file protein_6.tsv (TSV, C-alpha atoms)
chain	number	residue	atom	x	y	z
A	1	MET	CA	73.09	135.04	86.01
A	2	GLY	CA	75.10	131.99	86.97
A	3	ALA	CA	75.77	130.52	90.39
A	4	ILE	CA	76.66	132.94	93.12
A	5	SER	CA	80.30	133.29	93.98
A	6	THR	CA	81.09	132.01	97.46
A	7	ALA	CA	84.47	133.70	97.57
A	8	ALA	CA	83.12	136.69	99.50
A	9	ARG	CA	82.52	135.41	102.99
A	10	ILE	CA	82.06	137.20	106.24
A	11	SER	CA	84.84	137.28	108.78
A	12	PRO	CA	83.20	138.11	112.11
A	13	ARG	CA	86.49	139.20	113.62
A	14	ARG	CA	87.29	141.54	110.75
A	15	HIS	CA	83.85	143.14	110.72
A	16	ARG	CA	83.17	143.17	114.45
A	17	ALA	CA	81.68	146.52	115.47
A	18	PRO	CA	83.91	148.49	117.83
A	19	THR	CA	82.89	148.54	121.46
A	20	VAL	CA	81.96	151.84	123.05
A	21	PRO	CA	82.88	152.38	126.72
A	22	ALA	CA	79.69	152.52	128.78
A	23	THR	CA	79.09	154.85	131.70
A	24	ARG	CA	77.79	153.52	135.00
A	25	PHE	CA	74.36	154.92	134.13
A	26	ASP	CA	74.42	153.23	130.71
A	27	LYS	CA	75.27	149.89	132.29
A	28	ARG	CA	72.49	150.19	134.87
A	29	LEU	CA	70.00	151.25	132.19
A	30	ALA	CA	71.01	148.25	130.05
A	31	GLU	CA	70.43	145.95	133.04
A	32	ILE	CA	66.99	147.41	133.71
A	33	LEU	CA	66.01	147.13	130.04
A	34	ALA	CA	67.22	143.51	129.96
A	35	HIS	CA	65.04	142.68	133.00
A	36	ALA	CA	62.09	144.54	131.50
A	37	THR	CA	62.55	142.65	128.23
A	38	ASP	CA	62.39	139.33	130.09
A	39	VAL	CA	59.21	140.39	131.89
A	40	PHE	CA	57.50	141.55	128.68
A	41	CYS	CA	58.63	138.35	126.97
A	42	GLU	CA	57.15	136.17	129.72
A	43	LYS	CA	53.96	138.07	130.56
A	44	GLY	CA	53.35	140.15	127.45
A	45	TYR	CA	53.19	143.95	127.49
A	46	GLU	CA	49.54	144.10	128.57
A	47	GLY	CA	50.00	141.44	131.25
A	48	ALA	CA	53.10	143.02	132.83
A	49	SER	CA	52.81	145.58	135.61
A	50	MET	CA	55.23	148.18	136.90
A	51	ARG	CA	55.41	146.11	140.10
A	52	ASP	CA	56.55	143.09	138.05
A	53	LEU	CA	59.19	145.26	136.41
A	54	SER	CA	60.28	146.63	139.77
A	55	ARG	CA	60.76	143.17	141.25
A	56	ALA	CA	62.67	141.91	138.22
A	57	SER	CA	65.02	144.90	138.04
A	58	GLY	CA	65.65	145.17	141.78
A	59	MET	CA	64.65	148.83	141.69
A	60	SER	CA	62.04	150.18	144.08
A	61	LEU	CA	58.64	150.88	142.57
A	62	ALA	CA	59.01	154.56	143.43
A	63	GLY	CA	62.45	154.66	141.82
A	64	LEU	CA	61.17	152.93	138.71
A	65	TYR	CA	58.35	155.47	138.36
A	66	TYR	CA	60.82	158.30	138.91
A	67	TYR	CA	63.04	157.31	135.99
A	68	PHE	CA	60.44	155.60	133.80
A	69	GLU	CA	57.03	157.17	134.24
A	70	SER	CA	55.24	154.23	132.61
A	71	LYS	CA	55.82	150.75	131.26
A	72	GLU	CA	55.24	152.23	127.81
A	73	ARG	CA	58.42	154.24	128.22
A	74	LEU	CA	60.32	151.07	129.13
A	75	LEU	CA	58.98	149.32	126.03
A	76	PHE	CA	59.94	152.37	123.99
A	77	LEU	CA	63.49	152.32	125.37
A	78	ILE	CA	63.79	148.58	124.67
A	79	GLN	CA	62.75	149.06	121.05
A	80	LYS	CA	64.85	152.19	120.59
A	81	HIS	CA	67.95	150.57	122.13
A	82	THR	CA	67.53	147.44	120.03
A	83	PHE	CA	67.09	149.12	116.66
A	84	THR	CA	69.69	151.81	117.35
A	85	THR	CA	72.24	149.16	118.31
A	86	ILE	CA	71.54	147.07	115.22
A	87	VAL	CA	71.83	150.06	112.88
A	88	ARG	CA	75.01	151.32	114.54
A	89	ARG	CA	76.69	147.92	114.35
A	90	LEU	CA	75.59	147.46	110.76
A	91	LYS	CA	77.04	150.79	109.63
A	92	ALA	CA	80.34	149.99	111.34
A	93	ARG	CA	80.53	146.61	109.63
A	94	LEU	CA	79.64	147.97	106.19
A	95	GLU	CA	82.25	150.70	106.34
A	96	GLY	CA	84.96	150.11	103.76
A	97	VAL	CA	83.24	147.05	102.20
A	98	GLY	CA	82.85	147.61	98.46
A	99	ASP	CA	81.48	144.27	97.29
A	100	LEU	CA	77.68	144.52	97.14
A	101	GLU	CA	77.01	140.82	97.62
A	102	GLN	CA	79.25	140.89	100.68
A	103	GLN	CA	77.31	143.88	102.02
A	104	VAL	CA	74.04	141.92	101.83
A	105	ARG	CA	75.70	139.02	103.63
A	106	ILE	CA	76.91	141.38	106.35
A	107	PHE	CA	73.39	142.79	106.72
A	108	ILE	CA	72.00	139.29	107.28
A	109	LEU	CA	74.76	138.25	109.70
A	110	ASN	CA	74.39	141.45	111.71
A	111	HIS	CA	70.64	140.89	112.09
A	112	LEU	CA	70.85	137.21	113.00
A	113	GLU	CA	73.82	137.60	115.30
A	114	TYR	CA	72.06	140.23	117.40
A	115	PHE	CA	68.72	138.47	117.68
A	116	LEU	CA	70.12	134.99	118.32
A	117	ALA	CA	72.06	136.55	121.20
A	118	ASN	CA	68.90	138.39	122.34
A	119	PRO	CA	65.91	136.12	121.57
A	120	ALA	CA	63.69	137.76	124.21
A	121	SER	CA	64.19	141.11	122.48
A	122	MET	CA	63.14	139.64	119.15
A	123	LYS	CA	60.00	138.13	120.67
A	124	VAL	CA	59.05	141.39	122.39
A	125	LEU	CA	59.67	143.45	119.25
A	126	SER	CA	57.64	141.02	117.14
A	127	HIS	CA	54.71	140.68	119.53
A	128	GLU	CA	54.55	144.26	120.79
A	129	ALA	CA	55.29	146.11	117.55
A	130	ASP	CA	52.03	148.09	117.72
A	131	ALA	CA	51.89	148.72	121.47
A	132	LEU	CA	53.62	152.11	121.37
A	133	LYS	CA	51.59	155.24	120.68
A	134	ASN	CA	52.12	158.87	119.64
A	135	GLY	CA	55.65	160.23	119.95
A	136	PHE	CA	57.16	156.95	121.16
A	137	ALA	CA	55.80	155.12	118.12
A	138	SER	CA	57.00	157.84	115.73
A	139	GLU	CA	60.57	157.83	117.03
A	140	VAL	CA	60.92	154.06	116.84
A	141	ALA	CA	59.28	154.02	113.40
A	142	ALA	CA	61.89	156.50	112.13
A	143	ILE	CA	64.74	154.21	113.21
A	144	LYS	CA	63.02	151.18	111.67
A	145	ARG	CA	62.54	153.08	108.40
A	146	GLU	CA	66.24	153.91	108.33
A	147	TYR	CA	67.08	150.22	108.80
A	148	TYR	CA	64.63	149.20	106.08
A	149	ARG	CA	66.03	151.82	103.69
A	150	ILE	CA	69.58	150.59	104.23
A	151	CYS	CA	68.48	147.14	103.07
A	152	VAL	CA	66.56	148.63	100.13
A	153	GLY	CA	69.64	150.62	99.13
A	154	LEU	CA	71.89	147.56	99.23
A	155	LEU	CA	69.55	145.54	97.02
A	156	ASP	CA	68.90	148.40	94.61
A	157	GLU	CA	72.65	148.81	94.11
A	158	LEU	CA	73.13	145.07	93.64
A	159	LYS	CA	70.23	144.98	91.17
A	160	SER	CA	71.67	147.89	89.18
A	161	GLU	CA	75.26	146.62	89.17
A	162	ARG	CA	74.32	143.14	87.92
A	163	ALA	CA	71.34	144.07	85.74
A	164	LEU	CA	68.98	141.95	87.83
A	165	GLN	CA	65.21	142.01	87.61
A	166	PHE	CA	63.19	141.66	90.82
A	167	SER	CA	60.95	143.71	93.09
A	168	THR	CA	63.15	145.30	95.75
A	169	ARG	CA	60.18	145.73	98.08
A	170	ILE	CA	59.18	142.06	97.84
A	171	ALA	CA	62.78	140.94	98.23
A	172	VAL	CA	63.41	143.09	101.32
A	173	LEU	CA	60.17	142.14	103.07
A	174	SER	CA	60.75	138.47	102.25
A	175	LEU	CA	64.24	138.69	103.73
A	176	PHE	CA	62.94	140.24	106.94
A	177	GLY	CA	60.23	137.60	107.09
A	178	MET	CA	62.85	134.87	106.83
A	179	MET	CA	65.06	136.42	109.52
A	180	ASN	CA	62.52	137.73	112.01
A	181	TRP	CA	60.75	134.48	112.82
A	182	ILE	CA	63.93	132.61	113.66
A	183	TYR	CA	63.18	132.96	117.38
A	184	THR	CA	60.14	130.67	116.96
A	185	TRP	CA	62.20	127.68	115.83
A	186	HIS	CA	65.90	128.16	116.54
A	187	ASN	CA	67.27	125.71	119.11
A	188	SER	CA	70.88	126.43	120.03
A	189	ARG	CA	71.41	122.79	121.03
A	190	VAL	CA	70.73	121.43	117.56
A	191	ASP	CA	70.70	124.36	115.12
A	192	ALA	CA	73.69	126.19	113.64
A	193	ASP	CA	75.16	129.34	115.13
A	194	ALA	CA	74.60	132.83	113.72
A	195	GLU	CA	77.54	132.74	111.32
A	196	GLN	CA	76.55	129.48	109.65
A	197	LEU	CA	72.85	130.39	109.58
A	198	ALA	CA	73.69	133.75	108.03
A	199	ARG	CA	75.81	132.06	105.38
A	200	GLU	CA	73.06	129.58	104.48
A	201	MET	CA	70.27	132.17	104.55
A	202	SER	CA	72.41	134.50	102.44
A	203	ASP	CA	72.96	131.74	99.88
A	204	ILE	CA	69.24	130.95	99.73
A	205	PHE	CA	68.23	134.60	99.47
A	206	LEU	CA	70.88	135.67	96.97
A	207	ARG	CA	70.29	132.66	94.72
A	208	GLY	CA	66.68	133.76	94.55
A	209	VAL	CA	67.26	137.39	93.62
A	210	MET	CA	70.30	136.77	91.42
A	211	ASN	CA	68.86	133.89	89.41
A	212	GLY	CA	65.49	135.48	88.76
A	213	PRO	CA	64.05	136.67	85.43
A	214	LYS	CA	66.56	138.28	83.07
A	215	PRO	CA	65.87	141.61	81.35
A	216	ARG	CA	64.42	141.17	77.84
A	217	ARG	CA	66.34	142.39	74.83
A	218	ASP	CA	63.60	144.92	74.07
A	219	GLY	CA	64.15	146.46	77.53
A	220	ARG	CA	60.80	145.33	78.98
call {"tool": "encode", "arguments": {"input": "protein_6.tsv", "output": "structure tokens"}}
result
Amino acid sequence: MGAISTAARISPRRHRAPTVPATRFDKRLAEILAHATDVFCEKGYEGASMRDLSRASGMSLAGLYYYFESKERLLFLIQKHTFTTIVRRLKARLEGVGDLEQQVRIFILNHLEYFLANPASMKVLSHEADALKNGFASEVAAIKREYYRICVGLLDELKSERALQFSTRIAVLSLFGMMNWIYTWHNSRVDADAEQLAREMSDIFLRGVMNGPKPRRDGR
């Protein structure tokens, strides 16, 4: 396969996910989760207390316990909100896009754009991935599996359409590895913004999968 076409580029304005009007409760919940995310990011899940979360959110300790019976529930809501938002925005952006290479580029932009705007969320999700237990863990895992399968589906379709030969599993996990650690090195003062980073990461990733081994004539 030759060089990748750069004609299909992402227009953030054209693919921007539609905004959904938030209720007063939704806005307050988002504020509390943002404060809780900052506390978990600074102190770690184990090091943070409900009193820390109460002070940061401006909610009384009794009120915090009334709505969120434990800090585990807050961590659960942070993870659920994050992954649900990413998946919802991704589906909205992919709607009506037929070009498979463009779809992969949109997937990468959507991921980077969210996490560069919410670096504390990325750190908490990366460091506290195994902190949730039982039902909380299962519900978040289901959303994460859906997100993973969307990426698998995009690459399987691209592989089939262009007769490419690579391991989808290795490609997908390598892509997530490349994207998920960006919070450890990205410096907004000197590094590119989400759109440029997504374009460059997309080029690097797609050159790898699209210029890999070619199918042999004997079909093996």
call {"tool": "residues_around", "arguments": {"input": "protein_6.tsv", "residues": "segment 116-126 of chain A", "least_positions_apart": "3", "cutoff": "8 Å", "atoms": "only C-alpha atoms", "output": "JSON list (two decimals) with C-alpha atoms, in the frame of the given file"}}
result
[["chain", "number", "residue", "atom", "x", "y", "z"],
["A", 37, "THR", "CA", 62.55, 142.65, 128.23],
["A", 38, "ASP", "CA", 62.39, 139.33, 130.09],
["A", 40, "PHE", "CA", 57.50, 141.55, 128.68],
["A", 41, "CYS", "CA", 58.63, 138.35, 126.97],
["A", 44, "GLY", "CA", 53.35, 140.15, 127.45],
["A", 78, "ILE", "CA", 63.79, 148.58, 124.67],
["A", 79, "GLN", "CA", 62.75, 149.06, 121.05],
["A", 82, "THR", "CA", 67.53, 147.44, 120.03],
["A", 112, "LEU", "CA", 70.85, 137.21, 113.00],
["A", 113, "GLU", "CA", 73.82, 137.60, 115.30],
["A", 129, "ALA", "CA", 55.29, 146.11, 117.55],
["A", 180, "ASN", "CA", 62.52, 137.73, 112.01],
["A", 183, "TYR", "CA", 63.18, 132.96, 117.38],
["A", 194, "ALA", "CA", 74.60, 132.83, 113.72]]
call {"tool": "atom_distance", "arguments": {"input": "protein_6.tsv", "atom1": "atom CA of Phe83 of chain A", "atom2": "atom CA of Gln196 of chain A"}}
result
22.9 Å
call {"tool": "closest_residue", "arguments": {"input": "protein_6.tsv", "among": "A:Val87, A:Ala92, A:Val97, A:Met179", "to": "Ile143 of chain A", "atoms": "all atoms listed in the file"}}
result
A:Val87
call {"tool": "atom_distance", "arguments": {"input": "protein_6.tsv", "atom1": "atom CA of Thr23 of chain A", "atom2": "atom CA of Leu74 of chain A"}}
result
19.3 Å
call {"tool": "residues_around", "arguments": {"input": "protein_6.tsv", "residues": "segment 159-162 of chain A", "least_positions_apart": "3", "cutoff": "9 Å", "atoms": "all atoms listed in the file", "output": "PyMOL selection string"}}
result
chain A and resi 1+100+154-156+165-166+168+209-210
call {"tool": "residues_near_point", "arguments": {"input": "protein_6.tsv", "point": "(57.6, 148.2, 136.9)", "cutoff": "9 Å", "atoms": "all atoms listed in the file", "output": "PyMOL selection string"}}
result
chain A and resi 36+48-57+59-61+64-65+68+70-71+74
call {"tool": "write_last_selection", "arguments": {"input": "protein_6.tsv", "atoms": "C-alpha atoms", "output": "PDB file, in the frame of the given file"}}
result
ATOM      1  CA  ALA A  36      62.090 144.540 131.500  1.00  0.00           C
ATOM      2  CA  ALA A  48      53.100 143.020 132.830  1.00  0.00           C
ATOM      3  CA  SER A  49      52.810 145.580 135.610  1.00  0.00           C
ATOM      4  CA  MET A  50      55.230 148.180 136.900  1.00  0.00           C
ATOM      5  CA  ARG A  51      55.410 146.110 140.100  1.00  0.00           C
ATOM      6  CA  ASP A  52      56.550 143.090 138.050  1.00  0.00           C
ATOM      7  CA  LEU A  53      59.190 145.260 136.410  1.00  0.00           C
ATOM      8  CA  SER A  54      60.280 146.630 139.770  1.00  0.00           C
ATOM      9  CA  ARG A  55      60.760 143.170 141.250  1.00  0.00           C
ATOM     10  CA  ALA A  56      62.670 141.910 138.220  1.00  0.00           C
ATOM     11  CA  SER A  57      65.020 144.900 138.040  1.00  0.00           C
ATOM     12  CA  MET A  59      64.650 148.830 141.690  1.00  0.00           C
ATOM     13  CA  SER A  60      62.040 150.180 144.080  1.00  0.00           C
ATOM     14  CA  LEU A  61      58.640 150.880 142.570  1.00  0.00           C
ATOM     15  CA  LEU A  64      61.170 152.930 138.710  1.00  0.00           C
ATOM     16  CA  TYR A  65      58.350 155.470 138.360  1.00  0.00           C
ATOM     17  CA  PHE A  68      60.440 155.600 133.800  1.00  0.00           C
ATOM     18  CA  SER A  70      55.240 154.230 132.610  1.00  0.00           C
ATOM     19  CA  LYS A  71      55.820 150.750 131.260  1.00  0.00           C
ATOM     20  CA  LEU A  74      60.320 151.070 129.130  1.00  0.00           C
TER      21      LEU A  74
END
call {"tool": "closest_residue", "arguments": {"input": "protein_6.tsv", "among": "A:Lys43, A:Leu175, A:Ala30, A:Ile204", "to": "Ile108 of chain A", "atoms": "only C-alpha atoms"}}
result
A:Leu175
call {"tool": "atom_distance", "arguments": {"input": "protein_6.tsv", "atom1": "atom CA of Asp99 of chain A", "atom2": "atom CA of Glu200 of chain A"}}
result
18.4 Å
call {"tool": "closest_residue", "arguments": {"input": "protein_6.tsv", "among": "A:Ala142, A:Leu94, A:Ile182, A:Val104", "to": "Ser202 of chain A", "atoms": "all atoms listed in the file"}}
result
A:Val104
